[in-house]
file protein_9.csv (CSV, C-alpha atoms and all ligand atoms)
chain,number,residue,atom,x,y,z
A,1,MET,CA,-1.7,34.8,-19.8
A,2,SER,CA,-3.8,36.7,-22.4
A,3,LYS,CA,-7.5,36.2,-22.5
A,4,GLY,CA,-7.2,35.0,-26.1
A,5,SER,CA,-4.7,32.3,-25.3
A,6,LYS,CA,-6.5,30.9,-22.2
A,7,THR,CA,-9.1,28.7,-24.0
A,8,SER,CA,-6.5,26.9,-26.2
A,9,LYS,CA,-4.2,26.4,-23.2
A,10,MET,CA,-7.0,24.7,-21.2
A,11,THR,CA,-7.2,22.0,-23.8
A,12,GLN,CA,-3.4,21.3,-23.7
A,13,PRO,CA,-1.5,19.3,-21.1
A,14,PRO,CA,0.6,21.4,-18.8
A,15,GLN,CA,3.8,22.6,-20.6
A,16,PRO,CA,7.1,21.3,-19.1
A,17,GLY,CA,8.8,24.1,-17.2
A,18,LYS,CA,5.6,26.1,-16.9
A,19,PRO,CA,3.8,24.7,-13.9
A,20,ALA,CA,2.4,28.1,-13.1
A,21,ASP,CA,0.0,27.9,-16.1
A,22,PHE,CA,-1.6,24.7,-14.8
A,23,SER,CA,-1.6,26.0,-11.2
A,24,SER,CA,-3.5,29.2,-12.2
A,25,ILE,CA,-6.0,27.1,-14.2
A,26,ALA,CA,-6.5,25.0,-11.0
A,27,GLU,CA,-6.8,28.1,-8.8
A,28,LYS,CA,-9.7,29.2,-10.9
A,29,HIS,CA,-11.4,25.8,-11.2
A,30,TRP,CA,-11.2,24.7,-7.6
A,31,THR,CA,-13.8,26.9,-5.9
A,32,PRO,CA,-14.7,26.0,-2.3
A,33,GLU,CA,-17.9,24.4,-3.5
A,34,ARG,CA,-16.0,22.0,-5.9
A,35,ILE,CA,-13.5,21.1,-3.2
A,36,THR,CA,-16.4,20.3,-0.8
A,37,LYS,CA,-17.9,18.1,-3.5
A,38,ILE,CA,-14.9,15.9,-3.8
A,39,THR,CA,-13.9,15.8,-0.2
A,40,SER,CA,-17.5,15.6,1.1
A,41,GLY,CA,-16.5,18.3,3.5
A,42,ARG,CA,-13.7,16.2,5.1
A,43,LYS,CA,-10.3,17.6,5.9
A,44,TYR,CA,-8.0,15.9,3.4
A,45,GLU,CA,-4.2,16.3,3.3
A,46,ILE,CA,-3.9,16.4,-0.5
A,47,VAL,CA,-6.3,19.0,-1.9
A,48,PRO,CA,-6.5,21.1,-5.1
A,49,PRO,CA,-5.6,23.8,-6.0
A,50,GLY,CA,-2.5,23.6,-3.8
A,51,ASP,CA,-1.7,20.0,-4.7
A,52,ALA,CA,-3.0,20.3,-8.3
A,53,PRO,CA,0.4,19.7,-10.0
A,54,PHE,CA,0.8,16.5,-8.1
A,55,LEU,CA,-2.8,15.3,-8.7
A,56,ARG,CA,-2.3,16.1,-12.4
A,57,ALA,CA,1.0,14.3,-12.6
A,58,ILE,CA,-0.5,11.1,-11.1
A,59,GLY,CA,-3.4,11.3,-13.5
A,60,LEU,CA,-6.2,12.4,-11.3
A,61,LEU,CA,-6.8,15.8,-12.8
A,62,ALA,CA,-7.6,16.5,-16.5
A,63,SER,CA,-5.8,19.3,-18.4
A,64,ASP,CA,-8.6,21.8,-17.4
A,65,ALA,CA,-7.9,20.9,-13.8
A,66,SER,CA,-11.2,19.1,-13.3
A,67,MET,CA,-11.3,15.7,-11.6
A,68,PRO,CA,-13.2,13.1,-13.7
A,69,ALA,CA,-15.8,11.0,-11.8
A,70,ASP,CA,-13.7,7.8,-11.8
A,71,ALA,CA,-10.6,9.7,-10.5
A,72,VAL,CA,-12.7,10.9,-7.5
A,73,ARG,CA,-12.9,7.3,-6.3
A,74,LYS,CA,-9.1,7.0,-6.3
A,75,TYR,CA,-8.6,10.4,-4.9
A,76,VAL,CA,-10.8,9.6,-1.9
A,77,GLN,CA,-9.1,6.2,-1.5
A,78,ILE,CA,-5.6,7.6,-1.4
A,79,ASN,CA,-6.5,10.4,1.0
A,80,HIS,CA,-8.1,7.9,3.4
A,81,MET,CA,-5.1,5.6,3.1
A,82,LEU,CA,-2.8,8.6,3.9
A,83,GLY,CA,-5.1,9.5,6.9
A,84,LEU,CA,-4.5,6.0,8.3
A,85,VAL,CA,-0.7,5.8,7.8
A,86,LYS,CA,-0.1,9.4,8.8
A,87,ALA,CA,-0.1,8.8,12.6
A,88,PRO,CA,2.4,6.0,12.5
A,89,LEU,CA,4.4,7.9,10.0
A,90,MET,CA,4.6,11.0,12.2
A,91,ASP,CA,5.5,8.7,15.2
A,92,LEU,CA,8.4,7.2,13.1
A,93,ARG,CA,9.5,10.7,12.2
A,94,GLN,CA,9.9,11.6,15.8
A,95,ARG,CA,12.0,8.6,16.5
A,96,HIS,CA,14.2,8.2,13.5
A,97,LYS,CA,16.7,10.5,11.8
A,98,SER,CA,16.1,9.0,8.4
A,99,LEU,CA,12.9,7.4,7.3
A,100,ALA,CA,12.5,4.6,4.7
A,101,ILE,CA,9.3,3.3,3.4
A,102,LEU,CA,8.9,0.3,1.1
A,103,ASP,CA,5.8,-0.1,-1.2
A,104,ALA,CA,5.8,-3.8,-2.2
A,105,GLY,CA,3.8,-4.5,-5.4
A,106,CYS,CA,3.6,-0.7,-5.9
A,107,GLY,CA,1.9,-0.9,-9.4
A,108,SER,CA,1.4,2.7,-10.6
A,109,SER,CA,2.8,3.8,-7.2
A,110,PHE,CA,-0.1,6.1,-6.2
A,111,LEU,CA,0.6,5.5,-2.5
A,112,THR,CA,4.4,5.7,-2.8
A,113,PHE,CA,4.1,9.1,-4.6
A,114,LEU,CA,1.5,10.3,-2.1
A,115,VAL,CA,3.7,9.5,0.9
A,116,ALA,CA,6.8,11.1,-0.8
A,117,TRP,CA,4.8,14.2,-1.8
A,118,TYR,CA,3.4,14.4,1.7
A,119,LEU,CA,6.7,14.1,3.4
A,120,LYS,CA,8.4,16.6,1.1
A,121,HIS,CA,5.7,19.2,1.0
A,122,LYS,CA,3.6,18.9,4.2
A,123,VAL,CA,6.0,17.8,6.9
A,124,ASP,CA,8.9,19.6,8.5
A,125,LEU,CA,11.9,17.6,7.5
A,126,GLU,CA,14.4,19.2,9.8
A,127,PHE,CA,14.8,15.8,11.4
A,128,GLY,CA,16.7,14.3,8.4
A,129,ASP,CA,16.0,12.6,5.2
A,130,PHE,CA,13.5,10.1,3.7
A,131,LEU,CA,13.4,7.5,1.0
A,132,CYS,CA,10.4,5.8,-0.6
A,133,VAL,CA,11.1,2.6,-2.4
A,134,GLY,CA,8.7,0.9,-4.8
A,135,ILE,CA,9.1,-2.6,-6.1
A,136,ASP,CA,6.9,-4.4,-8.7
A,137,THR,CA,7.3,-7.3,-11.2
A,138,ASN,CA,5.8,-5.1,-13.9
A,139,LYS,CA,8.8,-3.4,-15.7
A,140,ALA,CA,6.7,-0.9,-17.7
A,141,LEU,CA,5.1,0.4,-14.5
A,142,ILE,CA,8.4,0.7,-12.7
A,143,GLU,CA,9.8,2.7,-15.7
A,144,LYS,CA,6.8,5.0,-15.6
A,145,SER,CA,7.2,5.6,-11.9
A,146,ARG,CA,10.8,6.5,-12.4
A,147,ALA,CA,9.9,9.1,-15.0
A,148,LEU,CA,7.1,10.4,-12.7
A,149,ALA,CA,9.6,10.8,-9.8
A,150,ASP,CA,11.8,12.9,-12.1
A,151,LYS,CA,8.8,15.0,-13.2
A,152,LEU,CA,7.7,15.7,-9.7
A,153,GLU,CA,11.3,16.4,-8.6
A,154,LEU,CA,11.1,13.6,-6.1
A,155,GLN,CA,13.9,11.5,-7.6
A,156,LYS,CA,16.2,12.3,-4.7
A,157,HIS,CA,13.7,10.6,-2.3
A,158,MET,CA,12.5,7.7,-4.5
A,159,HIS,CA,13.9,4.5,-5.8
A,160,PHE,CA,12.0,2.0,-8.0
A,161,GLU,CA,13.0,-1.5,-8.8
A,162,VAL,CA,11.7,-4.4,-10.9
A,163,ALA,CA,11.6,-7.1,-8.2
A,164,SER,CA,9.4,-9.7,-6.8
A,165,THR,CA,8.2,-9.9,-3.2
A,166,ARG,CA,9.4,-13.5,-3.3
A,167,ASP,CA,13.1,-12.7,-3.3
A,168,PHE,CA,13.5,-9.0,-2.6
A,169,THR,CA,15.4,-8.2,0.6
A,170,TRP,CA,16.4,-4.8,2.0
A,171,GLU,CA,20.0,-6.0,2.4
A,172,GLY,CA,20.1,-7.0,-1.2
A,173,LEU,CA,18.9,-3.5,-2.2
A,174,LEU,CA,21.7,-1.8,-0.1
A,175,GLU,CA,24.3,-4.1,-1.8
A,176,ARG,CA,23.1,-3.1,-5.2
A,177,ARG,CA,22.8,0.6,-4.3
A,178,PRO,CA,25.5,1.6,-1.7
A,179,ALA,CA,24.3,5.2,-1.9
A,180,LEU,CA,21.2,4.2,0.0
A,181,ALA,CA,23.3,2.9,2.9
A,182,PRO,CA,22.0,5.6,5.3
A,183,PHE,CA,18.6,3.9,5.1
A,184,LYS,CA,19.6,0.9,7.1
A,185,ARG,CA,16.1,-0.7,7.1
A,186,PRO,CA,12.6,0.2,6.0
A,187,GLN,CA,10.7,1.5,9.1
A,188,MET,CA,7.4,1.1,7.2
A,189,VAL,CA,6.3,-1.5,4.6
A,190,VAL,CA,3.1,-1.0,2.7
A,191,ALA,CA,1.3,-3.3,0.3
A,192,LEU,CA,-1.8,-2.1,-1.4
A,193,HIS,CA,-3.8,-4.7,-3.2
A,194,ALA,CA,-0.7,-6.9,-3.9
A,195,CYS,CA,-2.1,-10.1,-5.4
A,196,ASP,CA,-2.8,-13.2,-3.3
A,197,THR,CA,0.3,-14.3,-1.4
A,198,ALA,CA,2.3,-11.2,-2.5
A,199,THR,CA,0.6,-9.6,0.5
A,200,ASP,CA,2.0,-12.3,2.8
A,201,GLU,CA,5.5,-11.9,1.2
A,202,ALA,CA,5.3,-8.1,1.7
A,203,LEU,CA,4.4,-8.6,5.4
A,204,GLY,CA,7.1,-11.3,5.7
A,205,LEU,CA,9.9,-9.2,4.2
A,206,GLY,CA,8.8,-6.3,6.5
A,207,ILE,CA,9.1,-8.5,9.5
A,208,ALA,CA,12.5,-9.9,8.3
A,209,ALA,CA,13.7,-6.3,7.8
A,210,GLY,CA,12.6,-5.3,11.3
A,211,ALA,CA,10.0,-2.7,10.1
A,212,ASP,CA,8.1,-0.9,12.8
A,213,VAL,CA,4.9,-0.5,10.8
A,214,LEU,CA,3.3,-2.8,8.3
A,215,ALA,CA,0.2,-1.7,6.3
A,216,ALA,CA,-1.5,-4.1,3.9
A,217,SER,CA,-4.7,-4.0,2.0
A,218,PRO,CA,-5.1,-7.6,0.8
A,219,CYS,CA,-6.4,-8.6,-2.6
A,220,CYS,CA,-7.6,-11.8,-4.2
A,221,GLN,CA,-6.6,-14.2,-1.4
A,222,ALA,CA,-6.8,-17.6,-3.2
A,223,GLU,CA,-4.2,-19.7,-1.4
A,224,LEU,CA,-6.3,-21.1,1.4
A,225,ALA,CA,-9.3,-21.8,-0.8
A,226,ALA,CA,-7.1,-23.8,-3.1
A,227,MET,CA,-5.8,-25.8,-0.1
A,228,TRP,CA,-9.4,-26.4,1.1
A,229,ARG,CA,-10.3,-27.6,-2.4
A,230,GLU,CA,-7.6,-30.3,-2.1
A,231,LEU,CA,-8.6,-31.1,1.4
A,232,ALA,CA,-12.2,-31.6,0.3
A,233,GLN,CA,-11.0,-34.7,-1.7
A,234,THR,CA,-9.5,-36.4,1.3
A,235,PRO,CA,-11.2,-38.6,3.9
A,236,GLU,CA,-10.0,-36.2,6.6
A,237,GLY,CA,-11.5,-33.2,4.7
A,238,ARG,CA,-14.8,-35.0,4.1
A,239,ALA,CA,-15.1,-35.7,7.9
A,240,HIS,CA,-14.1,-32.2,9.0
A,241,PRO,CA,-16.8,-30.0,10.6
A,242,MET,CA,-15.9,-27.3,8.0
A,243,ALA,CA,-16.5,-29.8,5.1
A,244,PRO,CA,-19.6,-28.0,3.8
A,245,ALA,CA,-17.5,-24.9,3.3
A,246,PHE,CA,-14.6,-26.9,1.7
A,247,HIS,CA,-17.1,-28.2,-0.9
A,248,ALA,CA,-18.9,-25.0,-1.8
A,249,PRO,CA,-16.8,-23.3,-4.5
A,250,GLU,CA,-18.1,-19.7,-4.4
A,251,LEU,CA,-18.6,-19.6,-0.6
A,252,ARG,CA,-15.3,-21.4,-0.1
A,253,ARG,CA,-13.3,-18.7,-1.8
A,254,THR,CA,-15.1,-15.9,0.1
A,255,ILE,CA,-14.8,-17.6,3.5
A,256,ALA,CA,-11.2,-18.6,2.9
A,257,ALA,CA,-10.3,-15.0,2.0
A,258,GLU,CA,-11.8,-13.7,5.3
A,259,MET,CA,-10.1,-16.4,7.3
A,260,THR,CA,-6.8,-15.7,5.6
A,261,ASP,CA,-6.9,-12.1,6.8
A,262,MET,CA,-7.8,-13.3,10.3
A,263,MET,CA,-4.8,-15.7,10.2
A,264,ARG,CA,-2.5,-12.9,9.0
A,265,VAL,CA,-3.7,-10.7,11.9
A,266,MET,CA,-3.0,-13.5,14.4
A,267,LEU,CA,0.4,-14.3,12.8
A,268,LEU,CA,1.4,-10.6,13.0
A,269,ARG,CA,0.4,-10.5,16.7
A,270,THR,CA,2.6,-13.6,17.2
A,271,ALA,CA,5.6,-11.7,15.7
A,272,GLY,CA,5.1,-9.0,18.2
A,273,TYR,CA,2.9,-6.5,16.2
A,274,GLU,CA,-0.2,-4.8,17.6
A,275,THR,CA,-2.5,-5.5,14.7
A,276,THR,CA,-5.9,-4.2,13.7
A,277,ALA,CA,-8.0,-4.8,10.6
A,278,THR,CA,-10.2,-1.8,9.6
A,279,GLU,CA,-12.2,-0.6,6.6
A,280,PHE,CA,-10.0,2.2,5.1
A,281,VAL,CA,-12.6,3.6,2.7
A,282,GLU,CA,-16.3,3.1,2.4
A,283,SER,CA,-17.2,0.0,0.3
A,284,ARG,CA,-18.9,2.2,-2.4
A,285,HIS,CA,-15.4,3.6,-3.2
A,286,SER,CA,-13.7,0.2,-3.4
A,287,PRO,CA,-14.8,-3.3,-2.4
A,288,LYS,CA,-11.1,-4.1,-1.6
A,289,ASN,CA,-11.1,-1.8,1.4
A,290,ARG,CA,-9.6,-3.7,4.3
A,291,LEU,CA,-6.4,-2.4,5.9
A,292,ILE,CA,-4.3,-4.6,8.1
A,293,LEU,CA,-2.2,-2.2,10.2
A,294,ALA,CA,0.5,-3.7,12.4
A,295,ILE,CA,2.8,-1.8,14.7
A,296,LYS,CA,5.8,-3.4,16.3
A,297,ARG,CA,5.3,-3.4,20.1
A,298,GLY,CA,7.3,-6.3,21.4
A,299,ARG,CA,8.8,-9.7,20.7
A,300,TYR,CA,7.3,-13.0,19.9
A,301,SER,CA,4.1,-13.7,21.7
A,302,MET,CA,3.6,-17.3,22.8
A,303,ASP,CA,-0.1,-16.7,23.6
A,304,ALA,CA,-0.8,-15.3,20.1
A,305,ALA,CA,1.1,-18.3,18.6
A,306,GLU,CA,-1.1,-20.8,20.6
A,307,SER,CA,-4.2,-18.9,19.6
A,308,TYR,CA,-3.2,-19.1,15.9
A,309,GLN,CA,-2.4,-22.8,16.1
A,310,LYS,CA,-5.9,-23.5,17.6
A,311,PHE,CA,-7.6,-21.3,15.0
A,312,LYS,CA,-5.7,-23.0,12.1
A,313,ALA,CA,-6.6,-26.5,13.4
A,314,HIS,CA,-10.2,-25.5,13.5
A,315,LEU,CA,-10.0,-24.5,9.8
A,316,GLY,CA,-8.6,-27.8,8.6
A,317,GLY,CA,-4.9,-27.3,9.6
A,318,CYS,CA,-3.7,-25.5,6.4
A,319,ALA,CA,-0.8,-23.1,6.8
A,320,ILE,CA,-0.9,-19.9,4.9
A,321,ARG,CA,2.3,-18.4,3.2
A,322,LEU,CA,2.9,-15.9,6.0
A,323,GLU,CA,3.2,-18.7,8.5
A,324,SER,CA,6.2,-20.2,6.7
A,325,LEU,CA,7.8,-16.7,6.3
A,326,ILE,CA,7.4,-15.9,10.0
A,327,SER,CA,8.8,-19.3,10.9
A,328,SER,CA,11.8,-18.8,8.8
A,329,ALA,CA,12.3,-15.3,10.3
A,330,GLY,CA,12.4,-17.2,13.6
A,331,ALA,CA,9.2,-15.7,15.0
A,332,LEU,CA,7.0,-18.9,15.2
B,1,LIG,C1,-3.7,-4.6,-8.1
B,1,LIG,S1,-2.1,-4.0,-8.4
B,1,LIG,C2,-2.0,-2.8,-7.1
B,1,LIG,C3,-1.0,-1.8,-7.4
B,1,LIG,C4,-0.8,-0.7,-6.3
B,1,LIG,N1,-0.3,-1.2,-5.1
B,1,LIG,C5,-2.1,0.1,-6.1
B,1,LIG,O1,-2.8,-0.2,-5.1
B,1,LIG,O2,-2.5,0.9,-7.0
B,1,LIG,C6,-1.1,-5.3,-7.9
B,1,LIG,C7,0.4,-5.1,-8.3
B,1,LIG,O3,1.1,-6.1,-7.6
B,1,LIG,C8,2.2,-6.5,-8.5
B,1,LIG,N2,2.6,-7.8,-8.1
B,1,LIG,C9,1.9,-9.0,-8.0
B,1,LIG,N3,2.7,-10.0,-7.5
B,1,LIG,C10,3.9,-9.4,-7.2
B,1,LIG,C11,5.1,-9.9,-6.6
B,1,LIG,N4,5.2,-11.2,-6.2
B,1,LIG,N5,6.1,-9.1,-6.4
B,1,LIG,C12,6.0,-7.8,-6.8
B,1,LIG,N6,4.9,-7.2,-7.3
B,1,LIG,C13,3.8,-8.1,-7.5
B,1,LIG,C14,1.5,-6.5,-9.9
B,1,LIG,O4,2.4,-6.4,-10.9
B,1,LIG,C15,0.6,-5.3,-9.7
B,1,LIG,O5,1.3,-4.1,-10.2
call {"tool": "encode", "arguments": {"input": "protein_9.csv", "output": "structure tokens", "more": "lines below"}}
Ligand SMILES: C[S@@+](CC[C@H](N)C(=O)[O-])C[C@H]1O[C@@H](n2cnc3c(N)ncnc32)[C@H](O)[C@@H]1O
result
Amino acid sequence: MSKGSKTSKMTQPPQPGKPADFSSIAEKHWTPERITKITSGRKYEIVPPGDAPFLRAIGLLASDASMPADAVRKYVQINHMLGLVKAPLMDLRQRHKSLAILDAGCGSSFLTFLVAWYLKHKVDLEFGDFLCVGIDTNKALIEKSRALADKLELQKHMHFEVASTRDFTWEGLLERRPALAPFKRPQMVVALHACDTATDEALGLGIAAGADVLAASPCCQAELAAMWRELAQTPEGRAHPMAPAFHAPELRRTIAAEMTDMMRVMLLRTAGYETTATEFVESRHSPKNRLILAIKRGRYSMDAAESYQKFKAHLGGCAIRLESLISSAGAL
């Protein structure tokens, strides 16, 4: 590139077919000091300038290869998320010839692309093949994700569908797409900020499909609060020890959201998953920062089921959506 043309190219988006131009801009921009600034000195998997074309494609780098302040938040978040799912992912890679990951309520598919990019570019794939599937009810976002998969040359490893967590099944997908038959089931199901009961449905479909790992970061859990509001109007609800919480609108929603996650953790343990809830990123980066991580260890646990039933009774006896999904999968 001539010196004269450099300034004008920095203001242009990267030219299709000329990734080297953007990469060389990124090489210059990403000094060790700048890298330390966005990573806070941590060892992240996805780092510019090496991963600059990917970060640019998912919208986290500007055309001059800089990372705008609001993109830094997302960048930190996705790297933390990858850090948390990396260990189970590597474990699955040891045990399975082909690896399938389902992102339920994928939205702009940040996480789906991150996992696909990571598996393609950072992991030795001698073991076989992998597939990342993203589903969402938003048609425009799914179309955008399909185009992005082509742009990043990940189309062979990615599949996007307009579908709802309510009725999506892996078997249904294989019937519609026989070419995906080698991927008999998803070994991992992720759901990042899927709204309200979509988180339960994502977990439920993972259990039904026999997934080994489930990772969900819940969002706007409103179901239990709505049931408590109804309960507050009944004689039984008025007499319940939790009645003050049933009647306090703002607190009711917050308390119910926390209790919903506790119930999800207990239900996953019932279904044989070793389950933890952790903060996946500091709250200054995102207030929705809880990750429920569940790893299949055994079969149905009667102790966990009893524990769940007692806990539920203590909270007014309302069943959350995941309970009915686990029951219909025969695990409760
Ligand atoms: C807050 S966004 C999160 C998107 C993405 N997972 C992320 O973290 O960037 C929630 C997404 O869930 C999708 N969604 C909500 N309910 C859904 C359902 N029942 N089935 C599939 N997608 C759903 C919405 O369309 C939206 O794209």
call {"tool": "residues_around", "arguments": {"input": "protein_9.csv", "residues": "Glu230 in chain A", "least_positions_apart": "2", "cutoff": "12 Å", "atoms": "only C-alpha atoms", "output": "list in words"}}
result
Glu223, Leu224, Ala225, Ala226, Met227, Trp228, Ala232, Gln233, Thr234, Pro235, Glu236, Gly237, Arg238, Ala243, Phe246, His247, Pro249, Arg252, Gly316 and Cys318 of chain A
call {"tool": "residues_near_ligand", "arguments": {"input": "protein_9.csv", "ligand": "ligand LIG 1 (chain B)", "cutoff": "8 Å", "atoms": "only C-alpha atoms and all ligand atoms", "output": "short mmCIF file (atom, residue, chain, number, x, y, z; two decimals) with C-alpha atoms, in the coordinates of the input"}}
result
data_model
loop_
_atom_site.label_atom_id
_atom_site.label_comp_id
_atom_site.auth_asym_id
_atom_site.auth_seq_id
_atom_site.Cartn_x
_atom_site.Cartn_y
_atom_site.Cartn_z
CA ASP A 103 5.80 -0.10 -1.20
CA ALA A 104 5.80 -3.80 -2.20
CA GLY A 105 3.80 -4.50 -5.40
CA CYS A 106 3.60 -0.70 -5.90
CA GLY A 107 1.90 -0.90 -9.40
CA SER A 108 1.40 2.70 -10.60
CA SER A 109 2.80 3.80 -7.20
CA PHE A 110 -0.10 6.10 -6.20
CA LEU A 111 0.60 5.50 -2.50
CA ILE A 135 9.10 -2.60 -6.10
CA ASP A 136 6.90 -4.40 -8.70
CA THR A 137 7.30 -7.30 -11.20
CA ASN A 138 5.80 -5.10 -13.90
CA LEU A 141 5.10 0.40 -14.50
CA VAL A 162 11.70 -4.40 -10.90
CA ALA A 163 11.60 -7.10 -8.20
CA SER A 164 9.40 -9.70 -6.80
CA THR A 165 8.20 -9.90 -3.20
CA ARG A 166 9.40 -13.50 -3.30
CA ALA A 191 1.30 -3.30 0.30
CA LEU A 192 -1.80 -2.10 -1.40
CA HIS A 193 -3.80 -4.70 -3.20
CA ALA A 194 -0.70 -6.90 -3.90
CA CYS A 195 -2.10 -10.10 -5.40
CA ASP A 196 -2.80 -13.20 -3.30
CA THR A 197 0.30 -14.30 -1.40
CA ALA A 198 2.30 -11.20 -2.50
CA GLU A 201 5.50 -11.90 1.20
CA CYS A 219 -6.40 -8.60 -2.60
#
call {"tool": "closest_residue", "arguments": {"input": "protein_9.csv", "among": "A:Trp117, A:Arg185, A:Gln309, A:Glu274", "to": "Glu153 in chain A", "atoms": "only C-alpha atoms"}}
result
A:Trp117
call {"tool": "closest_atom_pairs", "arguments": {"input": "protein_9.csv", "of": "range 38-127 of chain A", "to": "range 294-300 of chain A", "cutoff": "12 Å", "atoms": "all atoms listed in the file", "output": "Markdown table"}}
result
| residue | atom | partner | partner_atom | distance |
| --- | --- | --- | --- | --- |
| A:Leu84 | CA | A:Ala294 | CA | 11.7 |
| A:Val85 | CA | A:Ala294 | CA | 10.6 |
| A:Ala87 | CA | A:Ile295 | CA | 11.2 |
| A:Pro88 | CA | A:Ile295 | CA | 8.1 |
| A:Leu89 | CA | A:Ile295 | CA | 10.9 |
| A:Asp91 | CA | A:Ile295 | CA | 10.9 |
| A:Leu92 | CA | A:Ile295 | CA | 10.7 |
call {"tool": "write_last_selection", "arguments": {"input": "protein_9.csv", "atoms": "C-alpha atoms", "output": "compact mmCIF listing (two decimals), keeping the file's coordinate frame"}}
result
# COMPACT_ATOMS: atom_id res chain seq x y z
CA LEU A 84 -4.50 6.00 8.30
CA VAL A 85 -0.70 5.80 7.80
CA ALA A 87 -0.10 8.80 12.60
CA PRO A 88 2.40 6.00 12.50
CA LEU A 89 4.40 7.90 10.00
CA ASP A 91 5.50 8.70 15.20
CA LEU A 92 8.40 7.20 13.10
call {"tool": "residues_near_point", "arguments": {"input": "protein_9.csv", "point": "(14.6, 3.8, -4.7)", "cutoff": "8 Å", "atoms": "all atoms listed in the file", "output": "list in words"}}
result
Leu131, Cys132, Val133, Gly134, His157, Met158, His159, Phe160 and Glu161 of chain A
call {"tool": "atom_distance", "arguments": {"input": "protein_9.csv", "atom1": "CA of Ala57 in chain A", "atom2": "CA of Leu152 in chain A"}}
result
7.4 Å
call {"tool": "residues_around", "arguments": {"input": "protein_9.csv", "residues": "Leu148 in chain A", "least_positions_apart": "5", "cutoff": "9 Å", "atoms": "only C-alpha atoms", "output": "list of chain:residue names"}}
result
A:Ala57, A:Ile58, A:Phe113, A:Glu143, A:Glu153, A:Leu154, A:Gln155
call {"tool": "atom_distance", "arguments": {"input": "protein_9.csv", "atom1": "CA of Asp21 in chain A", "atom2": "CA of Leu55 in chain A"}}
result
14.9 Å
call {"tool": "residues_around", "arguments": {"input": "protein_9.csv", "residues": "range 264-266 of chain A", "least_positions_apart": "6", "cutoff": "9 Å", "atoms": "all atoms listed in the file", "output": "number ranges by chain"}}
result
A: 200, 203, 273-277, 292-294, 304-305, 307-308, 320, 322-323
call {"tool": "closest_residue", "arguments": {"input": "protein_9.csv", "among": "A:Phe280, A:Glu258, A:Cys220, A:Trp170", "to": "Val76 in chain A", "atoms": "all atoms listed in the file"}}
result
A:Phe280
call {"tool": "residues_around", "arguments": {"input": "protein_9.csv", "residues": "Lys86 in chain A", "least_positions_apart": "3", "cutoff": "12 Å", "atoms": "only C-alpha atoms", "output": "list in words"}}
result
Tyr44, Glu45, Ile78, Asn79, His80, Met81, Leu82, Gly83, Leu89, Met90, Asp91, Leu92, Arg93, Leu111, Leu114, Val115, Ala116, Tyr118, Leu119, Lys122, Val123, Met188, Val213, Ala215 and Leu293 of chain A
call {"tool": "atom_distance", "arguments": {"input": "protein_9.csv", "atom1": "CA of Ala209 in chain A", "atom2": "CA of Pro186 in chain A"}}
result
6.8 Å
call {"tool": "closest_residue", "arguments": {"input": "protein_9.csv", "among": "A:Ile255, A:Ala208, A:Ile142, A:Leu173", "to": "Leu325 in chain A", "atoms": "only C-alpha atoms"}}
result
A:Ala208
call {"tool": "closest_residue", "arguments": {"input": "protein_9.csv", "among": "A:Met242, A:Ser24, A:Asp261, A:Tyr75", "to": "Thr39 in chain A", "atoms": "all atoms listed in the file"}}
result
A:Tyr75
call {"tool": "closest_residue", "arguments": {"input": "protein_9.csv", "among": "A:Pro32, A:Gly210, A:Pro182, A:Pro244", "to": "Asp129 in chain A", "atoms": "only C-alpha atoms"}}
result
A:Pro182
call {"tool": "closest_residue", "arguments": {"input": "protein_9.csv", "among": "A:His96, A:Arg56, A:Arg253, A:His240", "to": "His314 in chain A", "atoms": "all atoms listed in the file"}}
result
A:His240
call {"tool": "build_atoms", "arguments": {"input": "protein_9.csv", "residues": "range 146-154 of chain A", "atoms": "N, CA and C atoms", "output": "mmCIF file, in the frame of the given file"}}
result
data_model
loop_
_atom_site.group_PDB
_atom_site.id
_atom_site.type_symbol
_atom_site.label_atom_id
_atom_site.label_comp_id
_atom_site.auth_asym_id
_atom_site.auth_seq_id
_atom_site.Cartn_x
_atom_site.Cartn_y
_atom_site.Cartn_z
ATOM 1 N N ARG A 146 9.555 5.770 -12.391
ATOM 2 C CA ARG A 146 10.800 6.500 -12.400
ATOM 3 C C ARG A 146 10.721 7.831 -13.062
ATOM 4 N N ALA A 147 10.046 7.815 -14.223
ATOM 5 C CA ALA A 147 9.900 9.100 -15.000
ATOM 6 C C ALA A 147 9.043 10.060 -14.201
ATOM 7 N N LEU A 148 8.029 9.554 -13.514
ATOM 8 C CA LEU A 148 7.100 10.400 -12.700
ATOM 9 C C LEU A 148 7.891 11.052 -11.553
ATOM 10 N N ALA A 149 8.773 10.260 -10.949
ATOM 11 C CA ALA A 149 9.600 10.800 -9.800
ATOM 12 C C ALA A 149 10.420 11.967 -10.300
ATOM 13 N N ASP A 150 10.982 11.844 -11.517
ATOM 14 C CA ASP A 150 11.800 12.900 -12.100
ATOM 15 C C ASP A 150 10.892 14.163 -12.287
ATOM 16 N N LYS A 151 9.718 13.928 -12.876
ATOM 17 C CA LYS A 151 8.800 15.000 -13.200
ATOM 18 C C LYS A 151 8.366 15.788 -11.960
ATOM 19 N N LEU A 152 8.144 15.047 -10.887
ATOM 20 C CA LEU A 152 7.700 15.700 -9.700
ATOM 21 C C LEU A 152 8.844 16.168 -8.765
ATOM 22 N N GLU A 153 10.059 16.041 -9.321
ATOM 23 C CA GLU A 153 11.300 16.400 -8.600
ATOM 24 C C GLU A 153 11.382 15.713 -7.245
ATOM 25 N N LEU A 154 11.032 14.427 -7.296
ATOM 26 C CA LEU A 154 11.100 13.600 -6.100
ATOM 27 C C LEU A 154 12.190 12.534 -6.212
#
